[in-house]
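Okay, final-v8.pdb is below, PDB, C-alpha atoms:
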ATOM      1  CA  MET A 157       0.000   0.000   0.000
ATOM      2  CA  GLU A 158       1.210   3.508  -0.753
ATOM      3  CA  ARG A 159       2.331   5.049   2.525
ATOM      4  CA  ARG A 160       2.433   8.685   1.511
ATOM      5  CA  PRO A 161      -0.028  10.743  -0.495
ATOM      6  CA  THR A 162       1.012  11.791  -3.959
ATOM      7  CA  SER A 163       0.874  15.357  -5.219
ATOM      8  CA  ILE A 164      -1.622  16.572  -7.780
ATOM      9  CA  LEU A 165       0.208  18.676 -10.349
ATOM     10  CA  THR A 166      -2.621  19.974 -12.514
ATOM     11  CA  THR A 167      -4.660  23.127 -12.150
ATOM     12  CA  LEU A 168      -7.503  21.721 -14.220
ATOM     13  CA  ALA A 169      -9.361  20.349 -11.228
ATOM     14  CA  VAL A 170     -11.642  23.361 -11.665
ATOM     15  CA  SER A 171     -13.103  23.941 -15.085
ATOM     16  CA  VAL A 172     -11.913  26.763 -17.309
ATOM     17  CA  LEU A 173     -15.519  27.140 -18.197
ATOM     18  CA  ALA A 174     -17.439  27.881 -15.045
ATOM     19  CA  LEU A 175     -20.329  30.289 -15.504
ATOM     20  CA  THR A 176     -21.137  33.029 -13.062
ATOM     21  CA  LEU A 177     -24.872  32.721 -12.524
ATOM     22  CA  ILE A 178     -25.565  35.630 -10.208
ATOM     23  CA  ALA A 179     -28.662  37.471 -11.353
ATOM     24  CA  PRO A 180     -29.100  41.010  -9.979
ATOM     25  CA  TRP A 181     -32.868  41.113 -10.151
ATOM     26  CA  GLY A 182     -34.123  39.509  -6.949
ATOM     27  CA  LEU A 183     -36.806  37.455  -8.679
ATOM     28  CA  GLY A 184     -38.818  36.843  -5.523
ATOM     29  CA  GLN A 185     -41.827  34.547  -5.739
ATOM     30  CA  ASP A 186     -43.756  36.219  -8.562
ATOM     31  CA  PRO A 187     -43.678  34.260 -11.862
ATOM     32  CA  ASP A 188     -44.750  37.440 -13.673
ATOM     33  CA  ARG A 189     -41.307  38.792 -12.896
ATOM     34  CA  ILE A 190     -39.900  36.695 -15.764
ATOM     35  CA  ALA A 191     -42.130  38.500 -18.241
ATOM     36  CA  GLU A 192     -41.034  41.828 -16.789
ATOM     37  CA  ILE A 193     -37.375  40.881 -17.171
ATOM     38  CA  ARG A 194     -37.943  39.916 -20.794
ATOM     39  CA  ARG A 195     -39.734  43.178 -21.531
ATOM     40  CA  ARG A 196     -36.889  45.209 -20.071
ATOM     41  CA  ALA A 197     -34.260  43.077 -21.808
ATOM     42  CA  GLU A 198     -35.934  43.667 -25.152
ATOM     43  CA  GLN A 199     -35.810  47.400 -24.396
ATOM     44  CA  GLY A 200     -32.046  47.181 -23.939
ATOM     45  CA  ASP A 201     -31.715  47.033 -20.148
ATOM     46  CA  VAL A 202     -28.281  45.438 -19.686
ATOM     47  CA  ASP A 203     -28.975  43.843 -16.283
ATOM     48  CA  ALA A 204     -32.199  42.348 -17.599
ATOM     49  CA  GLN A 205     -30.360  40.956 -20.637
ATOM     50  CA  PHE A 206     -27.781  39.341 -18.394
ATOM     51  CA  THR A 207     -30.458  37.945 -16.091
ATOM     52  CA  LEU A 208     -32.447  36.522 -18.985
ATOM     53  CA  GLY A 209     -29.286  34.904 -20.334
ATOM     54  CA  THR A 210     -28.739  33.345 -16.923
ATOM     55  CA  ILE A 211     -32.307  32.054 -16.793
ATOM     56  CA  TYR A 212     -31.901  30.393 -20.194
ATOM     57  CA  SER A 213     -28.513  29.014 -19.194
ATOM     58  CA  ILE A 214     -29.724  27.272 -16.038
ATOM     59  CA  GLY A 215     -33.338  26.630 -17.012
ATOM     60  CA  GLN A 216     -36.276  26.990 -14.705
ATOM     61  CA  ILE A 217     -36.064  29.091 -11.558
ATOM     62  CA  MET A 218     -36.985  27.631  -8.171
ATOM     63  CA  PHE A 219     -38.769  30.163  -6.006
ATOM     64  CA  ALA A 220     -39.015  30.173  -2.223
ATOM     65  CA  ASN A 221     -42.502  28.633  -2.311
ATOM     66  CA  GLY A 222     -41.215  25.674  -4.357
ATOM     67  CA  LEU A 223     -42.784  26.817  -7.637
ATOM     68  CA  ARG A 224     -40.756  26.351 -10.792
ATOM     69  CA  VAL A 225     -41.301  28.927 -13.505
ATOM     70  CA  GLY A 226     -39.508  30.288 -16.520
ATOM     71  CA  PRO A 227     -38.179  28.794 -19.741
ATOM     72  CA  GLU A 228     -36.393  25.500 -20.103
ATOM     73  CA  SER A 229     -32.630  25.615 -20.517
ATOM     74  CA  ASP A 230     -31.708  26.889 -23.987
ATOM     75  CA  ALA A 231     -27.995  27.481 -24.569
ATOM     76  CA  ALA A 232     -28.416  29.318 -27.884
ATOM     77  CA  GLU A 233     -30.941  31.672 -26.316
ATOM     78  CA  ALA A 234     -28.613  32.200 -23.351
ATOM     79  CA  VAL A 235     -25.818  33.155 -25.757
ATOM     80  CA  LYS A 236     -28.106  35.636 -27.501
ATOM     81  CA  TRP A 237     -28.861  37.538 -24.294
ATOM     82  CA  TYR A 238     -25.350  37.289 -22.874
ATOM     83  CA  ARG A 239     -24.008  38.716 -26.124
ATOM     84  CA  LEU A 240     -26.375  41.676 -26.014
ATOM     85  CA  ALA A 241     -25.332  42.443 -22.433
ATOM     86  CA  ALA A 242     -21.645  41.781 -23.175
ATOM     87  CA  ARG A 243     -21.666  44.259 -26.058
ATOM     88  CA  GLN A 244     -22.902  46.875 -23.611
ATOM     89  CA  GLY A 245     -19.878  46.159 -21.422
ATOM     90  CA  HIS A 246     -21.483  43.945 -18.754
ATOM     91  CA  ALA A 247     -18.397  42.190 -17.358
ATOM     92  CA  THR A 248     -20.103  39.095 -15.952
ATOM     93  CA  ALA A 249     -22.032  38.621 -19.198
ATOM     94  CA  GLN A 250     -18.732  38.862 -21.057
ATOM     95  CA  ASN A 251     -17.277  36.160 -18.797
ATOM     96  CA  ASN A 252     -20.305  33.924 -19.293
ATOM     97  CA  LEU A 253     -20.320  34.438 -23.052
ATOM     98  CA  ALA A 254     -16.657  33.453 -23.087
ATOM     99  CA  ALA A 255     -17.533  30.307 -21.151
ATOM    100  CA  MET A 256     -20.209  29.432 -23.703
ATOM    101  CA  TYR A 257     -17.557  29.631 -26.435
ATOM    102  CA  ALA A 258     -15.074  27.631 -24.371
ATOM    103  CA  TYR A 259     -17.690  24.921 -23.719
ATOM    104  CA  GLY A 260     -19.227  25.068 -27.170
ATOM    105  CA  ARG A 261     -22.635  25.656 -25.575
ATOM    106  CA  GLY A 262     -25.080  27.414 -27.874
ATOM    107  CA  VAL A 263     -22.230  28.335 -30.230
ATOM    108  CA  PRO A 264     -19.470  26.390 -31.984
ATOM    109  CA  GLN A 265     -16.558  25.790 -29.606
ATOM    110  CA  ASP A 266     -13.977  28.530 -30.169
ATOM    111  CA  ASP A 267     -11.102  29.114 -27.734
ATOM    112  CA  ALA A 268      -9.919  32.280 -29.462
ATOM    113  CA  GLU A 269     -13.376  33.829 -29.132
ATOM    114  CA  ALA A 270     -13.512  32.691 -25.518
ATOM    115  CA  VAL A 271     -10.209  34.446 -24.836
ATOM    116  CA  ARG A 272     -11.481  37.617 -26.505
ATOM    117  CA  TRP A 273     -14.468  37.855 -24.197
ATOM    118  CA  TYR A 274     -12.579  36.722 -21.092
ATOM    119  CA  ARG A 275     -10.067  39.473 -21.775
ATOM    120  CA  GLN A 276     -12.739  42.151 -22.094
ATOM    121  CA  ALA A 277     -14.210  41.112 -18.751
ATOM    122  CA  ALA A 278     -10.780  40.728 -17.156
ATOM    123  CA  GLU A 279      -9.781  44.219 -18.215
ATOM    124  CA  GLN A 280     -12.748  45.450 -16.204
ATOM    125  CA  GLY A 281     -11.388  43.587 -13.190
ATOM    126  CA  GLU A 282     -13.989  40.782 -13.149
ATOM    127  CA  ALA A 283     -12.397  38.232 -10.807
ATOM    128  CA  GLU A 284     -13.655  35.045 -12.429
ATOM    129  CA  ALA A 285     -12.675  36.269 -15.885
ATOM    130  CA  LEU A 286      -9.177  37.106 -14.624
ATOM    131  CA  TYR A 287      -8.932  33.534 -13.374
ATOM    132  CA  ASN A 288     -10.329  32.028 -16.564
ATOM    133  CA  LEU A 289      -7.945  34.043 -18.711
ATOM    134  CA  GLY A 290      -5.093  32.737 -16.570
ATOM    135  CA  LEU A 291      -6.269  29.183 -17.236
ATOM    136  CA  MET A 292      -6.354  29.816 -20.965
ATOM    137  CA  TYR A 293      -2.743  31.013 -20.864
ATOM    138  CA  GLU A 294      -1.607  28.177 -18.631
ATOM    139  CA  ASN A 295      -3.102  25.549 -20.921
ATOM    140  CA  GLY A 296      -2.450  27.241 -24.262
ATOM    141  CA  ARG A 297      -6.117  27.491 -25.206
ATOM    142  CA  GLY A 298      -6.824  30.288 -27.669
ATOM    143  CA  VAL A 299      -3.432  31.833 -26.872
ATOM    144  CA  PRO A 300       0.143  30.491 -26.825
ATOM    145  CA  GLU A 301       0.921  28.684 -23.572
ATOM    146  CA  ASN A 302       2.594  31.196 -21.244
ATOM    147  CA  HIS A 303       2.954  30.417 -17.552
ATOM    148  CA  ALA A 304       4.227  33.865 -16.607
ATOM    149  CA  GLU A 305       1.156  35.396 -18.216
ATOM    150  CA  ALA A 306      -1.047  32.859 -16.429
ATOM    151  CA  VAL A 307       0.514  33.866 -13.108
ATOM    152  CA  LYS A 308      -0.167  37.529 -13.876
ATOM    153  CA  TRP A 309      -3.888  36.941 -14.351
ATOM    154  CA  TYR A 310      -4.186  34.470 -11.476
ATOM    155  CA  ARG A 311      -2.574  37.016  -9.155
ATOM    156  CA  LEU A 312      -4.964  39.777 -10.158
ATOM    157  CA  SER A 313      -7.889  37.444  -9.465
ATOM    158  CA  ALA A 314      -6.361  36.024  -6.282
ATOM    159  CA  GLU A 315      -5.888  39.523  -4.883
ATOM    160  CA  GLN A 316      -9.672  39.866  -5.130
ATOM    161  CA  ARG A 317      -9.966  36.765  -2.911
ATOM    162  CA  PHE A 318     -11.135  34.524  -5.760
ATOM    163  CA  ALA A 319     -10.398  31.138  -4.199
ATOM    164  CA  ASP A 320      -9.781  29.160  -7.393
ATOM    165  CA  ALA A 321      -7.182  31.686  -8.499
ATOM    166  CA  GLN A 322      -5.529  31.634  -5.078
ATOM    167  CA  SER A 323      -5.260  27.845  -5.285
ATOM    168  CA  ASN A 324      -3.839  27.895  -8.801
ATOM    169  CA  LEU A 325      -1.361  30.617  -7.898
ATOM    170  CA  GLY A 326      -0.240  28.432  -5.009
ATOM    171  CA  LEU A 327       0.316  25.552  -7.413
ATOM    172  CA  MET A 328       2.372  27.750  -9.729
ATOM    173  CA  TYR A 329       4.611  28.668  -6.786
ATOM    174  CA  GLU A 330       4.818  25.062  -5.593
ATOM    175  CA  ASN A 331       6.031  23.845  -8.981
ATOM    176  CA  GLY A 332       7.963  26.903 -10.147
ATOM    177  CA  ARG A 333       5.773  27.516 -13.176
ATOM    178  CA  GLY A 334       5.836  31.125 -14.323
ATOM    179  CA  VAL A 335       7.448  32.143 -11.018
ATOM    180  CA  PRO A 336      10.461  30.923  -9.039
ATOM    181  CA  GLU A 337       9.620  27.877  -6.935
ATOM    182  CA  ASN A 338       8.640  29.046  -3.448
ATOM    183  CA  HIS A 339       6.886  26.616  -1.116
ATOM    184  CA  ALA A 340       6.212  29.171   1.599
ATOM    185  CA  GLU A 341       4.433  31.358  -0.923
ATOM    186  CA  ALA A 342       2.542  28.317  -2.213
ATOM    187  CA  VAL A 343       1.354  27.581   1.324
ATOM    188  CA  ARG A 344       0.240  31.191   1.764
ATOM    189  CA  TRP A 345      -2.010  31.080  -1.286
ATOM    190  CA  TYR A 346      -3.287  27.558  -0.591
ATOM    191  CA  ARG A 347      -4.236  28.618   2.914
ATOM    192  CA  LEU A 348      -6.151  31.657   1.711
ATOM    193  CA  ALA A 349      -8.186  29.445  -0.631
ATOM    194  CA  ALA A 350      -8.501  26.625   1.903
ATOM    195  CA  ASP A 351      -9.847  29.019   4.510
ATOM    196  CA  GLN A 352     -12.593  29.887   2.027
ATOM    197  CA  GLY A 353     -13.507  26.195   1.848
ATOM    198  CA  LEU A 354     -12.017  25.293  -1.548
ATOM    199  CA  ALA A 355     -11.595  21.513  -1.438
ATOM    200  CA  ARG A 356      -8.614  21.192  -3.755
ATOM    201  CA  ALA A 357      -6.727  23.918  -1.896
ATOM    202  CA  GLN A 358      -7.438  22.145   1.390
ATOM    203  CA  HIS A 359      -6.064  18.940  -0.146
ATOM    204  CA  ASN A 360      -2.944  20.683  -1.442
ATOM    205  CA  LEU A 361      -2.377  22.356   1.920
ATOM    206  CA  GLY A 362      -2.627  18.934   3.517
ATOM    207  CA  LEU A 363       0.090  17.709   1.146
ATOM    208  CA  MET A 364       2.360  20.583   2.151
ATOM    209  CA  TYR A 365       1.981  19.563   5.805
ATOM    210  CA  THR A 366       2.552  15.902   4.935
ATOM    211  CA  TYR A 367       5.855  16.644   3.241
ATOM    212  CA  GLY A 368       6.903  19.645   5.320
ATOM    213  CA  GLN A 369       7.077  21.926   2.297
ATOM    214  CA  GLY A 370       6.784  25.603   3.187
ATOM    215  CA  VAL A 371       5.616  24.642   6.687
ATOM    216  CA  LEU A 372       6.866  22.459   9.502
ATOM    217  CA  GLN A 373       5.956  18.831   8.819
ATOM    218  CA  ASP A 374       2.805  18.005  10.781
ATOM    219  CA  ASP A 375       0.793  14.850  10.124
ATOM    220  CA  ALA A 376      -2.088  15.863  12.385
ATOM    221  CA  GLU A 377      -2.442  19.146  10.536
ATOM    222  CA  ALA A 378      -2.302  17.266   7.235
ATOM    223  CA  VAL A 379      -5.151  15.029   8.419
ATOM    224  CA  LYS A 380      -7.183  18.091   9.379
ATOM    225  CA  TRP A 381      -6.984  19.541   5.868
ATOM    226  CA  TYR A 382      -7.451  16.207   4.101
ATOM    227  CA  ARG A 383     -10.595  15.650   6.158
ATOM    228  CA  LEU A 384     -12.064  19.054   5.317
ATOM    229  CA  SER A 385     -11.462  18.381   1.636
ATOM    230  CA  ALA A 386     -12.582  14.750   1.771
ATOM    231  CA  GLU A 387     -15.855  15.674   3.435
ATOM    232  CA  GLN A 388     -16.587  17.824   0.379
ATOM    233  CA  GLY A 389     -16.135  14.777  -1.856
ATOM    234  CA  HIS A 390     -12.612  15.503  -3.140
ATOM    235  CA  ALA A 391     -11.410  12.061  -4.235
ATOM    236  CA  PRO A 392      -7.613  12.548  -3.849
ATOM    237  CA  ALA A 393      -8.157  13.870  -0.320
ATOM    238  CA  GLN A 394     -10.420  10.917   0.475
ATOM    239  CA  ASN A 395      -7.710   8.542  -0.690
ATOM    240  CA  ASN A 396      -5.038  10.372   1.286
ATOM    241  CA  LEU A 397      -7.179  10.382   4.418
ATOM    242  CA  GLY A 398      -7.621   6.652   3.926
ATOM    243  CA  LEU A 399      -3.844   6.261   3.776
ATOM    244  CA  MET A 400      -3.415   8.186   7.014
ATOM    245  CA  TYR A 401      -5.888   5.860   8.770
ATOM    246  CA  ALA A 402      -4.413   2.732   7.187
ATOM    247  CA  ASN A 403      -0.921   3.612   8.405
ATOM    248  CA  GLY A 404      -1.801   5.368  11.662
ATOM    249  CA  ILE A 405      -0.233   8.635  10.522
ATOM    250  CA  GLY A 406      -1.645  11.706  12.254
ATOM    251  CA  VAL A 407      -4.580   9.620  13.538
ATOM    252  CA  PRO A 408      -4.898   6.305  15.388
ATOM    253  CA  LYS A 409      -4.675   3.395  12.959
ATOM    254  CA  ASN A 410      -8.189   2.382  11.909
ATOM    255  CA  ASP A 411      -8.517  -0.024   9.000
ATOM    256  CA  ALA A 412     -12.305   0.206   8.782
ATOM    257  CA  GLU A 413     -12.059   3.985   8.517
ATOM    258  CA  ALA A 414      -9.376   3.614   5.861
ATOM    259  CA  VAL A 415     -11.667   1.358   3.835
ATOM    260  CA  LYS A 416     -14.484   3.886   4.135
ATOM    261  CA  TRP A 417     -12.395   6.672   2.597
ATOM    262  CA  PHE A 418     -10.741   4.465  -0.025
ATOM    263  CA  ARG A 419     -14.190   3.320  -1.126
ATOM    264  CA  LEU A 420     -15.541   6.851  -1.472
ATOM    265  CA  ALA A 421     -12.606   7.804  -3.691
ATOM    266  CA  ALA A 422     -12.657   4.512  -5.622
ATOM    267  CA  GLU A 423     -16.339   4.967  -6.410
ATOM    268  CA  GLN A 424     -15.417   8.301  -8.001
ATOM    269  CA  GLY A 425     -13.015   6.459 -10.315
ATOM    270  CA  LEU A 426      -9.680   7.350  -8.672
ATOM    271  CA  ALA A 427      -7.296   4.589  -9.757
ATOM    272  CA  ARG A 428      -4.968   4.691  -6.759
ATOM    273  CA  ALA A 429      -7.937   4.484  -4.383
ATOM    274  CA  GLN A 430      -9.262   1.504  -6.334
ATOM    275  CA  HIS A 431      -5.851  -0.107  -5.961
ATOM    276  CA  ASN A 432      -5.773   0.588  -2.223
ATOM    277  CA  LEU A 433      -9.298  -0.747  -1.751
ATOM    278  CA  GLY A 434      -8.261  -3.874  -3.646
ATOM    279  CA  LEU A 435      -5.383  -4.323  -1.207
ATOM    280  CA  MET A 436      -7.723  -4.101   1.760
ATOM    281  CA  TYR A 437      -9.929  -6.845   0.302
ATOM    282  CA  ALA A 438      -6.971  -9.015  -0.720
ATOM    283  CA  ASN A 439      -5.535  -8.889   2.787
ATOM    284  CA  GLY A 440      -8.819  -8.847   4.705
ATOM    285  CA  THR A 441      -7.848  -5.571   6.341
ATOM    286  CA  GLY A 442     -10.791  -3.522   7.589
ATOM    287  CA  VAL A 443     -13.127  -5.765   5.570
ATOM    288  CA  PRO A 444     -13.659  -9.523   5.250
ATOM    289  CA  GLN A 445     -11.032 -11.040   2.950
ATOM    290  CA  ASP A 446     -12.464 -11.357  -0.575
ATOM    291  CA  ASP A 447     -10.359 -12.220  -3.644
ATOM    292  CA  VAL A 448     -13.253 -11.528  -6.009
ATOM    293  CA  LEU A 449     -13.679  -7.957  -4.814
ATOM    294  CA  ALA A 450      -9.920  -7.407  -4.721
ATOM    295  CA  TYR A 451      -9.595  -8.619  -8.304
ATOM    296  CA  ALA A 452     -12.539  -6.472  -9.432
ATOM    297  CA  TRP A 453     -11.121  -3.260  -7.951
ATOM    298  CA  TRP A 454      -7.628  -3.982  -9.250
ATOM    299  CA  THR A 455      -9.101  -4.597 -12.697
ATOM    300  CA  LEU A 456     -10.615  -1.115 -12.664
ATOM    301  CA  ALA A 457      -7.365   0.484 -11.477
ATOM    302  CA  ALA A 458      -5.299  -1.478 -14.003
ATOM    303  CA  ALA A 459      -7.598  -0.335 -16.817
ATOM    304  CA  GLN A 460      -6.565   3.227 -15.962
ATOM    305  CA  GLY A 461      -2.883   2.327 -16.190
ATOM    306  CA  HIS A 462      -2.124   1.648 -12.512
ATOM    307  CA  GLU A 463       0.843  -0.706 -12.928
ATOM    308  CA  ARG A 464       0.934  -2.122  -9.405
ATOM    309  CA  ALA A 465      -2.760  -2.995  -9.537
ATOM    310  CA  SER A 466      -2.119  -4.816 -12.805
ATOM    311  CA  GLU A 467       0.761  -6.771 -11.264
ATOM    312  CA  TYR A 468      -1.186  -7.681  -8.141
ATOM    313  CA  LYS A 469      -4.199  -8.732 -10.171
ATOM    314  CA  ASP A 470      -2.041 -11.161 -12.146
ATOM    315  CA  ILE A 471      -0.576 -12.607  -8.940
ATOM    316  CA  LEU A 472      -3.998 -12.913  -7.327
ATOM    317  CA  ARG A 473      -5.381 -14.754 -10.338
ATOM    318  CA  THR A 474      -3.009 -17.680  -9.666
ATOM    319  CA  ARG A 475      -4.870 -18.514  -6.437
ATOM    320  CA  MET A 476      -8.393 -18.001  -7.788
ATOM    321  CA  THR A 477     -10.709 -20.534  -9.404
ATOM    322  CA  ALA A 478     -12.078 -20.011 -12.901
ATOM    323  CA  ASN A 479     -15.489 -19.324 -11.374
ATOM    324  CA  GLN A 480     -14.073 -16.653  -9.057
ATOM    325  CA  ILE A 481     -12.272 -14.956 -11.939
ATOM    326  CA  ALA A 482     -15.454 -14.937 -14.016
ATOM    327  CA  ARG A 483     -17.413 -13.423 -11.121
ATOM    328  CA  ALA A 484     -14.710 -10.824 -10.543
ATOM    329  CA  ARG A 485     -14.729  -9.783 -14.188
ATOM    330  CA  GLU A 486     -18.495  -9.506 -14.168
ATOM    331  CA  LEU A 487     -18.354  -7.434 -10.995
ATOM    332  CA  SER A 488     -15.684  -5.123 -12.391
ATOM    333  CA  ALA A 489     -17.844  -4.519 -15.474
ATOM    334  CA  THR A 490     -20.801  -3.667 -13.245
ATOM    335  CA  LEU A 491     -18.686  -1.328 -11.121
ATOM    336  CA  PHE A 492     -17.329   0.346 -14.238
ATOM    337  CA  ASP A 493     -20.849   1.025 -15.497
ATOM    338  CA  ILE A 494     -21.903   2.465 -12.115
ATOM    339  CA  ILE A 495     -18.835   4.669 -11.767
ATOM    340  CA  ASN A 496     -18.871   5.900 -15.329
TER     341      ASN A 496
END
Can you turn what I pasted into structure tokens?
Amino acid sequence: MERRPTSILTTLAVSVLALTLIAPWGLGQDPDRIAEIRRRAEQGDVDAQFTLGTIYSIGQIMFANGLRVGPESDAAEAVKWYRLAARQGHATAQNNLAAMYAYGRGVPQDDAEAVRWYRQAAEQGEAEALYNLGLMYENGRGVPENHAEAVKWYRLSAEQRFADAQSNLGLMYENGRGVPENHAEAVRWYRLAADQGLARAQHNLGLMYTYGQGVLQDDAEAVKWYRLSAEQGHAPAQNNLGLMYANGIGVPKNDAEAVKWFRLAAEQGLARAQHNLGLMYANGTGVPQDDVLAYAWWTLAAAQGHERASEYKDILRTRMTANQIARARELSATLFDIIN
């Protein structure tokens, strides 16, 4: 079993394409308000245009009394209204229109057009657009890949307390991408995002405590941050929390608790958690020993390229009957369908 957590080195855990869906209208409980918004939008009211675009983007509105009203989701119609608001300089509409282009929702997918609209919103200081433009530069989407430029935009967003940008800026410092490597600075930005509840920043901060990078090494503190992230459903943090319980690092050893967290991550498709859960079944640790379940979970991990799971599966097969192997393969197919 892996003893130590492994670092996540990608900033793509959060989509480039997130839409801001804050409508300024205060729709209340009156379904007639939708008609009023449309009337004002058609008269050129920029906030109404943005709000109508948001309504079409997310579909029906749920009011406080439980009544659903408004149009069904219609991406092309959302684009129409976002564009009208964006052309009037509405920064959040510009960001959302960019996201529609980046997703290919309601318009043909077009990274260059996405960058154009992200930039217009970013130049107005819109925090999410600053972040999204940084992602486009980091990943070379619609612009040449440029980590220093990505850092520039992330920083501008992070200084507005935009948690995703703070987390990504921390990762750039951790790995020396676009800035000199600086673990203390990475910890500073991770902590700012983690304190806002961002799960991936909490996980990354836990890793810094695990390895003593930028902070004094502290397993109990690592467990604290892994747990906060894991409880939000972050699969790598769930796996890492499972490892801490399995090895008694930062917490009392508790195999049943380890299995619980490995399972949650494995059911999200995380290969290393599937491998670890397979180990628990193979050894009867925290669960009744079960070669069929071990083989099934290792099959899923191996299919994702996890080499150790593939090796262990081959070894395990030598002690299994043909019937057990057939059941394990059937189970792994069922699990794959459920997970995917």
- Message: On this structure, the PyMOL selection byres ((chain A and resi 422) around 12) would catch which residues? List them as number ranges by chain, sorted by chain and number.
- Response: A: 389-396, 398, 414-421, 423-434, 452-454, 456-457, 491-492, 494-496
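Atom to atom, atom CA of Gln373 of chain A and atom CA of Ser385 of chain A stand 18.8 Å apart.
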- Name every residue that the PyMOL selection byres ((chain A and resi 233-248) around 7) selects in this structure, writing the answer as a PyMOL selection string with chains first and numbers rising. chain A and resi 176+202+205-206+208-210+212-213+230-232+249-253+262+277+280+282
Enclose the full set of atoms of segment 429-436 of chain A listed in the file within a box whose edges lie along x, y and z, apply 8 Å of padding to each of the six sides, and report centre and edge lengths in Å to one decimal as JSON.
{"center_x": -7.3, "center_y": 0.1, "center_z": -2.3, "size_x": 19.9, "size_y": 24.8, "size_z": 24.1}
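Relative to atom CA of Gln445 of chain A, atom CA of Ser466 of chain A is found at 19.1 Å.
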Return as a short mmCIF file (atom, residue, chain, number, x, y, z; two decimals) with C-alpha atoms, keeping the file's coordinate frame the set of residues that the PyMOL selection byres ((chain A and resi 475-484) around 7) yields on the displayed structure.
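For reference, out17.cif as written:
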data_model
loop_
_atom_site.label_atom_id
_atom_site.label_comp_id
_atom_site.auth_asym_id
_atom_site.auth_seq_id
_atom_site.Cartn_x
_atom_site.Cartn_y
_atom_site.Cartn_z
CA VAL A 448 -13.25 -11.53 -6.01
CA LEU A 449 -13.68 -7.96 -4.81
CA TYR A 451 -9.60 -8.62 -8.30
CA ALA A 452 -12.54 -6.47 -9.43
CA LEU A 472 -4.00 -12.91 -7.33
CA ARG A 473 -5.38 -14.75 -10.34
CA THR A 474 -3.01 -17.68 -9.67
CA ARG A 485 -14.73 -9.78 -14.19
CA GLU A 486 -18.50 -9.51 -14.17
CA LEU A 487 -18.35 -7.43 -11.00
CA SER A 488 -15.68 -5.12 -12.39
#
- Message: So that I can check the surroundings of segment 193-195 of chain A, please list as a ChimeraX atom specification every protein, DNA and RNA residue that reaches within 8 Å of it, counting all atoms listed in the file and ignoring chain neighbours fewer than 3 positions away.
- Response: /A:189-190,198-199,204-205,207-208
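Here the question is which of A:Val307, A:Ala357, A:Leu435, A:Ala350 gets nearest to Tyr293 of chain A using all atoms listed in the file, and that residue is A:Val307.
Taking atom CA of His303 of chain A and atom CA of Tyr287 of chain A as endpoints, the distance between them is 13.0 Å.
Shell of Trp273 of chain A at 6 Å, with only C-alpha atoms counted and residues fewer than 3 places along the chain excluded, is Gln250, Ala254, Ala270 and Gln276 of chain A.
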Residues from the last selection, C-alpha atoms, saved as a short mmCIF file (atom, residue, chain, number, x, y, z; two decimals), keeping the file's coordinate frame:
data_model
loop_
_atom_site.label_atom_id
_atom_site.label_comp_id
_atom_site.auth_asym_id
_atom_site.auth_seq_id
_atom_site.Cartn_x
_atom_site.Cartn_y
_atom_site.Cartn_z
CA GLN A 250 -18.73 38.86 -21.06
CA ALA A 254 -16.66 33.45 -23.09
CA ALA A 270 -13.51 32.69 -25.52
CA GLN A 276 -12.74 42.15 -22.09
#
Contacts of Leu348 of chain A within 9 Å, only C-alpha atoms, excl. fewer than 5 positions in-chain, as an mmCIF file with C-alpha atoms, in the frame of the given file:
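Okay, part-v6.cif is ready:
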data_model
loop_
_atom_site.group_PDB
_atom_site.id
_atom_site.type_symbol
_atom_site.label_atom_id
_atom_site.label_comp_id
_atom_site.auth_asym_id
_atom_site.auth_seq_id
_atom_site.Cartn_x
_atom_site.Cartn_y
_atom_site.Cartn_z
ATOM 1 C CA ARG A 317 -9.966 36.765 -2.911
ATOM 2 C CA ALA A 319 -10.398 31.138 -4.199
ATOM 3 C CA GLN A 322 -5.529 31.634 -5.078
ATOM 4 C CA SER A 323 -5.260 27.845 -5.285
ATOM 5 C CA VAL A 343 1.354 27.581 1.324
ATOM 6 C CA ALA A 357 -6.727 23.918 -1.896
#
Would you mind writing segment 448-455 of chain A with N, CA and C atoms, as a CSV table (one decimal), keeping the file's coordinate frame?
chain,number,residue,atom,x,y,z
A,448,VAL,N,-12.4,-12.0,-4.9
A,448,VAL,CA,-13.3,-11.5,-6.0
A,448,VAL,C,-13.3,-10.0,-6.0
A,449,LEU,N,-13.6,-9.4,-4.9
A,449,LEU,CA,-13.7,-8.0,-4.8
A,449,LEU,C,-12.3,-7.3,-5.0
A,450,ALA,N,-11.3,-7.9,-4.5
A,450,ALA,CA,-9.9,-7.4,-4.7
A,450,ALA,C,-9.6,-7.4,-6.2
A,451,TYR,N,-9.9,-8.5,-6.9
A,451,TYR,CA,-9.6,-8.6,-8.3
A,451,TYR,C,-10.4,-7.6,-9.1
A,452,ALA,N,-11.7,-7.4,-8.7
A,452,ALA,CA,-12.5,-6.5,-9.4
A,452,ALA,C,-12.0,-5.0,-9.3
A,453,TRP,N,-11.6,-4.6,-8.1
A,453,TRP,CA,-11.1,-3.3,-8.0
A,453,TRP,C,-9.8,-3.1,-8.6
A,454,TRP,N,-8.9,-4.1,-8.6
A,454,TRP,CA,-7.6,-4.0,-9.2
A,454,TRP,C,-7.8,-4.0,-10.8
A,455,THR,N,-8.8,-4.6,-11.3
A,455,THR,CA,-9.1,-4.6,-12.7
A,455,THR,C,-9.4,-3.2,-13.1
